[in-house]
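Data first, discussion second: the structure below is written as structure tokens.
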Amino acid sequence: MHLGIRQFKKDFEVMAKEASNGDHNSATKPPPTPSPLRNSKFFQSNMRILVTGGAGFIGSHLVDKLMENEKNEVIVADNYFTGSKDNLRKWIDVTEPLLIEVDQIYHLACPASPIFYKYNPVKTIKTNVIGTLNMLGLAKRVGARILLTSTSEVYGDPLVHPQDESYWGNVNPIGVRSCYDEGKRVAETLMFDYHRQHGIEIRIARIFNTYGPRMNIDDGRVVSNFIAQALRDEPLTVQSPGTQTRSFCYVSDMVDGLVRLMEGDNTGPINIGNPGEFTMIELAENVKELINPEVEITMVENTPDDPRQRKPDITKAKELLGWEPKIKLRDGLPLMEEDFRLRLDVPKKK
Ligand SMILES: NC(=O)c1ccc[n+]([C@@H]2O[C@H](COP(=O)([O-])OP(=O)(O)OC[C@H]3O[C@@H](n4cnc5c(N)ncnc54)[C@H](O)[C@@H]3O)[C@@H](O)[C@H]2O)c1
Ligand SMILES: O=C(O)[C@H]1O[C@H](OP(=O)(O)OP(=O)(O)OC[C@H]2O[C@@H](n3ccc(=O)[nH]c3=O)[C@H](O)[C@@H]2O)[C@H](O)[C@@H](O)[C@@H]1O
């Protein structure tokens, strides 16, 4: 099998040069003809796929899935801000010159955990806006199809429940989460403008909270926090009031949904998430019961603008992609526990 994964540390500001070729017609056009390099005999693979953010949590699982098809060659662009080379280590066995000529782009690159995206908000906006602009420029130059991993955060603190794709959202444009929420909203706008103006083939997934093995242990998101805390015998920190809800999707279901969206005919946006809805208190109780019945649950202060409820309406994903999640929270948590035990070196008590 040809494991032609090429991986490079790259920031999107640097990719600007590769991205644009200054064509500003406003009429909708068919996608541009792929560059002749695409058909060059030099390339052995049938499909060359760029995954931005491929060293991250969802991205590295997506790379594993794409690499199952031996006709795929996968290229990763990541600056390792929250991602890690370890997540890709098994695939890095070939070094080739960097020739960015791809058929598909999965554009994931962006810090996803609130503590990381709030750490350098200007950089988060740049990643969402300039990064997406550059990836769209690349898609335009080579005629690639591009998928953006947008987020349920485009719905903000939703006033409609559950959220379907026609809801325009309730987002604070000047709050501490805005760099991410509004950044993703602009990224969606850019995707549709390139589609309408330049005929680029786009796909937009609105991802709802996803969890699973390989999440950063100190990532700060709730599932990884609770599992790490349970294994370290530290109190589970429920942020007040604890009645806020989230719907948690296991990462293999998510990756399956993303690949179906890329391969299908619909631009989206399409919600991809698990409609099973839990309060944070319920999540803590589940983690306690499954992982460490002795652990305490403690209430701590919350952060500003935390959405009070979140649950995807996945009618569109079911009808258009034939997709729905298979793994329930209570089955997914033990799979993540296993990975965290190994990485934290906390063996299961017999
Ligand atoms: N996990 C979720 O619950 C969730 C929910 C909604 C949307 N998403 C979206 O899915 C994508 C992946 O999320 P994740 O959970 O795997 O997060 P992650 O933080 O594990 O992965 C993001 C990756 O992007 C890289 N990155 C960040 N800024 C970059 C830049 N400027 N240039 C190049 N690489 C950069 C990071 O190093 C990391 O490897 C993100 O776009 C996120 O917004 C995730
Ligand atoms: O799915 C989404 O669309 C978004 O979901 C998450 O954002 P958020 O739901 O705020 O993620 P968490 O930080 O995991 O928080 C979830 C809930 O758990 C609570 N929480 C968090 C951490 C903790 O230790 N305790 C706790 O109770 C928070 O107050 C919040 O109500 C992701 O981090 C975003 O990248 C993603 O786009």
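Within each chain, counting starts at residue 1; across the structure tokens, chains are named A, B, ... in the order shown, with ligands numbered 1 upward in that order.
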
Taking only C-alpha atoms and all ligand atoms into account, report as a PDB file with N, CA and C atoms, in the first residue's frame which residues have an atom no farther than 7 Å from an atom of ligand 2.
ATOM      1  N   ALA A 112     -10.152  24.424  18.580  1.00  0.00           N
ATOM      2  CA  ALA A 112     -11.576  24.158  18.807  1.00  0.00           C
ATOM      3  C   ALA A 112     -11.996  24.293  20.258  1.00  0.00           C
ATOM      4  N   SER A 113     -11.065  24.096  21.170  1.00  0.00           N
ATOM      5  CA  SER A 113     -11.445  24.187  22.575  1.00  0.00           C
ATOM      6  C   SER A 113     -11.535  25.667  22.979  1.00  0.00           C
ATOM      7  N   PRO A 114     -12.616  26.051  23.679  1.00  0.00           N
ATOM      8  CA  PRO A 114     -12.735  27.466  24.056  1.00  0.00           C
ATOM      9  C   PRO A 114     -11.485  28.036  24.719  1.00  0.00           C
ATOM     10  N   THR A 151     -19.408  24.824  12.765  1.00  0.00           N
ATOM     11  CA  THR A 151     -19.716  24.445  14.137  1.00  0.00           C
ATOM     12  C   THR A 151     -21.144  24.802  14.522  1.00  0.00           C
ATOM     13  N   SER A 152     -21.642  24.105  15.505  1.00  0.00           N
ATOM     14  CA  SER A 152     -22.942  24.455  16.075  1.00  0.00           C
ATOM     15  C   SER A 152     -22.873  25.826  16.749  1.00  0.00           C
ATOM     16  N   GLU A 153     -21.653  26.319  16.998  1.00  0.00           N
ATOM     17  CA  GLU A 153     -21.530  27.639  17.622  1.00  0.00           C
ATOM     18  C   GLU A 153     -22.012  28.757  16.696  1.00  0.00           C
ATOM     19  N   ILE A 207     -20.583  20.952  12.864  1.00  0.00           N
ATOM     20  CA  ILE A 207     -20.264  19.893  13.820  1.00  0.00           C
ATOM     21  C   ILE A 207     -20.761  20.272  15.213  1.00  0.00           C
ATOM     22  N   PHE A 208     -21.395  19.302  15.889  1.00  0.00           N
ATOM     23  CA  PHE A 208     -21.779  19.472  17.296  1.00  0.00           C
ATOM     24  C   PHE A 208     -20.788  18.692  18.159  1.00  0.00           C
ATOM     25  N   ASN A 209     -20.643  19.105  19.405  1.00  0.00           N
ATOM     26  CA  ASN A 209     -19.606  18.593  20.320  1.00  0.00           C
ATOM     27  C   ASN A 209     -19.219  17.138  20.056  1.00  0.00           C
ATOM     28  N   THR A 210     -17.956  16.964  19.744  1.00  0.00           N
ATOM     29  CA  THR A 210     -17.442  15.639  19.395  1.00  0.00           C
ATOM     30  C   THR A 210     -16.374  15.233  20.402  1.00  0.00           C
ATOM     31  N   GLY A 220      -9.386  21.093  27.884  1.00  0.00           N
ATOM     32  CA  GLY A 220     -10.304  22.050  28.491  1.00  0.00           C
ATOM     33  C   GLY A 220     -11.754  21.810  28.135  1.00  0.00           C
ATOM     34  N   ARG A 221     -12.013  20.950  27.143  1.00  0.00           N
ATOM     35  CA  ARG A 221     -13.415  20.695  26.815  1.00  0.00           C
ATOM     36  C   ARG A 221     -13.995  19.720  27.835  1.00  0.00           C
ATOM     37  N   VAL A 222     -15.316  19.698  27.892  1.00  0.00           N
ATOM     38  CA  VAL A 222     -15.925  19.089  29.070  1.00  0.00           C
ATOM     39  C   VAL A 222     -15.696  17.576  29.175  1.00  0.00           C
ATOM     40  N   VAL A 223     -15.798  16.847  28.067  1.00  0.00           N
ATOM     41  CA  VAL A 223     -15.685  15.390  28.187  1.00  0.00           C
ATOM     42  C   VAL A 223     -14.249  15.016  28.564  1.00  0.00           C
ATOM     43  N   ASN A 225     -12.094  16.929  30.080  1.00  0.00           N
ATOM     44  CA  ASN A 225     -11.868  17.358  31.469  1.00  0.00           C
ATOM     45  C   ASN A 225     -12.398  16.325  32.453  1.00  0.00           C
ATOM     46  N   PHE A 226     -13.660  15.916  32.282  1.00  0.00           N
ATOM     47  CA  PHE A 226     -14.278  15.012  33.265  1.00  0.00           C
ATOM     48  C   PHE A 226     -13.555  13.659  33.308  1.00  0.00           C
ATOM     49  N   LEU A 236     -14.910  16.478  39.598  1.00  0.00           N
ATOM     50  CA  LEU A 236     -15.386  16.834  38.264  1.00  0.00           C
ATOM     51  C   LEU A 236     -15.939  18.255  38.337  1.00  0.00           C
ATOM     52  N   THR A 237     -15.374  19.165  37.526  1.00  0.00           N
ATOM     53  CA  THR A 237     -15.726  20.590  37.623  1.00  0.00           C
ATOM     54  C   THR A 237     -16.914  20.922  36.727  1.00  0.00           C
ATOM     55  N   VAL A 238     -18.109  20.865  37.282  1.00  0.00           N
ATOM     56  CA  VAL A 238     -19.300  21.269  36.518  1.00  0.00           C
ATOM     57  C   VAL A 238     -19.397  22.788  36.597  1.00  0.00           C
ATOM     58  N   GLN A 239     -19.419  23.435  35.433  1.00  0.00           N
ATOM     59  CA  GLN A 239     -19.545  24.895  35.423  1.00  0.00           C
ATOM     60  C   GLN A 239     -21.009  25.269  35.591  1.00  0.00           C
ATOM     61  N   SER A 240     -21.259  26.282  36.407  1.00  0.00           N
ATOM     62  CA  SER A 240     -22.630  26.613  36.785  1.00  0.00           C
ATOM     63  C   SER A 240     -23.429  27.138  35.579  1.00  0.00           C
ATOM     64  N   GLY A 242     -24.925  24.157  35.393  1.00  0.00           N
ATOM     65  CA  GLY A 242     -24.897  22.692  35.272  1.00  0.00           C
ATOM     66  C   GLY A 242     -26.104  22.145  34.532  1.00  0.00           C
ATOM     67  N   GLN A 244     -27.066  23.551  31.727  1.00  0.00           N
ATOM     68  CA  GLN A 244     -26.849  23.777  30.294  1.00  0.00           C
ATOM     69  C   GLN A 244     -26.642  22.418  29.617  1.00  0.00           C
ATOM     70  N   THR A 245     -27.103  22.317  28.369  1.00  0.00           N
ATOM     71  CA  THR A 245     -27.044  21.007  27.709  1.00  0.00           C
ATOM     72  C   THR A 245     -26.090  21.019  26.517  1.00  0.00           C
ATOM     73  N   ARG A 246     -25.600  19.817  26.200  1.00  0.00           N
ATOM     74  CA  ARG A 246     -24.821  19.572  24.987  1.00  0.00           C
ATOM     75  C   ARG A 246     -25.200  18.170  24.475  1.00  0.00           C
ATOM     76  N   MET A 280     -24.889  19.156  31.880  1.00  0.00           N
ATOM     77  CA  MET A 280     -23.513  18.905  32.320  1.00  0.00           C
ATOM     78  C   MET A 280     -23.500  18.121  33.637  1.00  0.00           C
ATOM     79  N   ASN A 302     -18.828  29.654  35.687  1.00  0.00           N
ATOM     80  CA  ASN A 302     -18.828  29.472  34.231  1.00  0.00           C
ATOM     81  C   ASN A 302     -18.127  30.646  33.548  1.00  0.00           C
ATOM     82  N   THR A 303     -17.988  30.537  32.222  1.00  0.00           N
ATOM     83  CA  THR A 303     -17.372  31.596  31.418  1.00  0.00           C
ATOM     84  C   THR A 303     -18.483  32.362  30.692  1.00  0.00           C
ATOM     85  N   ASP A 306     -21.762  31.350  27.595  1.00  0.00           N
ATOM     86  CA  ASP A 306     -21.846  29.893  27.396  1.00  0.00           C
ATOM     87  C   ASP A 306     -23.257  29.532  26.912  1.00  0.00           C
ATOM     88  N   PRO A 307     -23.388  28.882  25.738  1.00  0.00           N
ATOM     89  CA  PRO A 307     -24.729  28.526  25.259  1.00  0.00           C
ATOM     90  C   PRO A 307     -25.479  27.655  26.275  1.00  0.00           C
ATOM     91  N   ARG A 308     -26.773  27.957  26.455  1.00  0.00           N
ATOM     92  CA  ARG A 308     -27.531  27.248  27.497  1.00  0.00           C
ATOM     93  C   ARG A 308     -28.069  25.905  27.044  1.00  0.00           C
TER      94      ARG A 308
END

Selection near Gln163 (chain A), 10 Å with only C-alpha atoms, sequence-local residues under 2 positions removed, as a list in words: Ser152, Tyr155, Pro158, Leu159, Val160, His161, Glu165, Ser166, Tyr167, Trp168, Gly169, Asn271, Gln309, Arg310, Lys311, Pro312, Asp313 and Ile314 of chain A

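Of the residues in region 101-164 of chain A, those that DSSP places in strand (DSSP E or B) on the basis of the backbone are Gln104, Ile105, Tyr106, His107, Arg145, Ile146, Leu147, Leu148, Thr149, Ser150, Thr151, Gly156 and Gln163 of chain A.
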
Convert the current residue selection to file output with C-alpha atoms, as a PDB file, in the first residue's frame.
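So the final result, stored in out.pdb, reads:
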ATOM      1  CA  GLN A 104     -10.265  17.379  -2.179  1.00  0.00           C
ATOM      2  CA  ILE A 105      -9.607  19.658   0.791  1.00  0.00           C
ATOM      3  CA  TYR A 106     -10.937  18.896   4.275  1.00  0.00           C
ATOM      4  CA  HIS A 107     -10.433  22.241   5.966  1.00  0.00           C
ATOM      5  CA  ARG A 145     -13.779  20.273  -3.767  1.00  0.00           C
ATOM      6  CA  ILE A 146     -13.513  21.812  -0.288  1.00  0.00           C
ATOM      7  CA  LEU A 147     -15.239  20.870   2.969  1.00  0.00           C
ATOM      8  CA  LEU A 148     -15.304  23.286   5.923  1.00  0.00           C
ATOM      9  CA  THR A 149     -15.778  22.004   9.454  1.00  0.00           C
ATOM     10  CA  SER A 150     -18.056  24.694  10.773  1.00  0.00           C
ATOM     11  CA  THR A 151     -19.716  24.445  14.137  1.00  0.00           C
ATOM     12  CA  GLY A 156     -24.739  31.001  19.358  1.00  0.00           C
ATOM     13  CA  GLN A 163     -31.312  23.626  16.011  1.00  0.00           C
TER      14      GLN A 163
END

Taking a cut-off of 6 Å and counting only C-alpha atoms and all ligand atoms, can you build a table that, for each residue of chain A near ligand 1, reports the nearest atom pair and how far apart they are in Å (one decimal), sorted by chain then residue number, as a tab-separated table?
residue	atom	partner	partner_atom_place_in_ligand_line	distance
A:Lys10	CA	ligand 1	33 (C)	5.6
A:Asp11	CA	ligand 1	32 (N)	3.9
A:Phe12	CA	ligand 1	32 (N)	5.0
A:Gly53	CA	ligand 1	24 (O)	3.4
A:Gly54	CA	ligand 1	39 (O)	5.8
A:Ala55	CA	ligand 1	39 (O)	4.1
A:Gly56	CA	ligand 1	39 (O)	3.2
A:Phe57	CA	ligand 1	16 (O)	3.6
A:Ile58	CA	ligand 1	16 (O)	3.7
A:Gly59	CA	ligand 1	16 (O)	5.2
A:Ala77	CA	ligand 1	33 (C)	5.9
A:Asp78	CA	ligand 1	34 (N)	3.5
A:Asn79	CA	ligand 1	34 (N)	4.2
A:Tyr80	CA	ligand 1	37 (O)	3.5
A:Phe81	CA	ligand 1	37 (O)	3.7
A:Thr82	CA	ligand 1	37 (O)	4.0
A:Gly83	CA	ligand 1	39 (O)	3.0
A:Leu108	CA	ligand 1	41 (O)	3.9
A:Ala109	CA	ligand 1	24 (O)	3.5
A:Cys110	CA	ligand 1	27 (C)	3.8
A:Pro111	CA	ligand 1	19 (O)	4.1
A:Ala112	CA	ligand 1	17 (O)	4.5
A:Thr127	CA	ligand 1	31 (N)	4.6
A:Thr149	CA	ligand 1	41 (O)	5.0
A:Ser150	CA	ligand 1	7 (C)	5.4
A:Thr151	CA	ligand 1	6 (C)	4.0
A:Ile207	CA	ligand 1	6 (C)	4.1
A:Phe208	CA	ligand 1	5 (C)	4.8
A:Asn209	CA	ligand 1	3 (O)	3.4
A:Thr210	CA	ligand 1	3 (O)	3.7

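If only C-alpha atoms are the atoms counted, then among A:Thr298, A:Arg232, A:Val102, A:Glu289 the closest residue to Val51 (chain A) is A:Val102.
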
Going by DSSP on the backbone, which residues of region 220-332 of chain A come out as helix (DSSP H, G or I)? List them as a VMD selection string. chain A and resid 222 to 231 251 to 263 280 to 291 315 to 321 329 to 332

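Using only C-alpha atoms, the nearest neighbour of Val300 (chain A) within the list A:Ala230, A:Gly143, A:Gly332, A:Pro241 is A:Pro241.
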
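Using only C-alpha atoms, the nearest neighbour of Ile204 (chain A) within the list A:Val154, A:Ile270, A:Asp219, A:Thr243 is A:Ile270.
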
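Counting from CA of Leu136 (chain A), the distance to CA of Gly175 (chain A) is 27.3 Å.
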
Go through A:Leu335, A:Val74, A:Ile227, A:Ile202 and flag the residue nearest Ser252 (chain A), using only C-alpha atoms for the distances. A:Leu335

Name all residues at most 12 Å from Ala144 (chain A) (count only C-alpha atoms; drop same-chain ones fewer than 4 positions away) and give them as a ChimeraX atom specification. /A:31-35,38,47-50,100-107,135-140,195,199-203,262

Which residues are close to Lys316 (chain A), i.e. within 12 Å by only C-alpha atoms, leaving aside same-chain residues fewer than 3 positions away? Reply as an MDAnalysis selection string. chainID A and resid 163:166 205:206 257 261 266:273 312:313 319:324
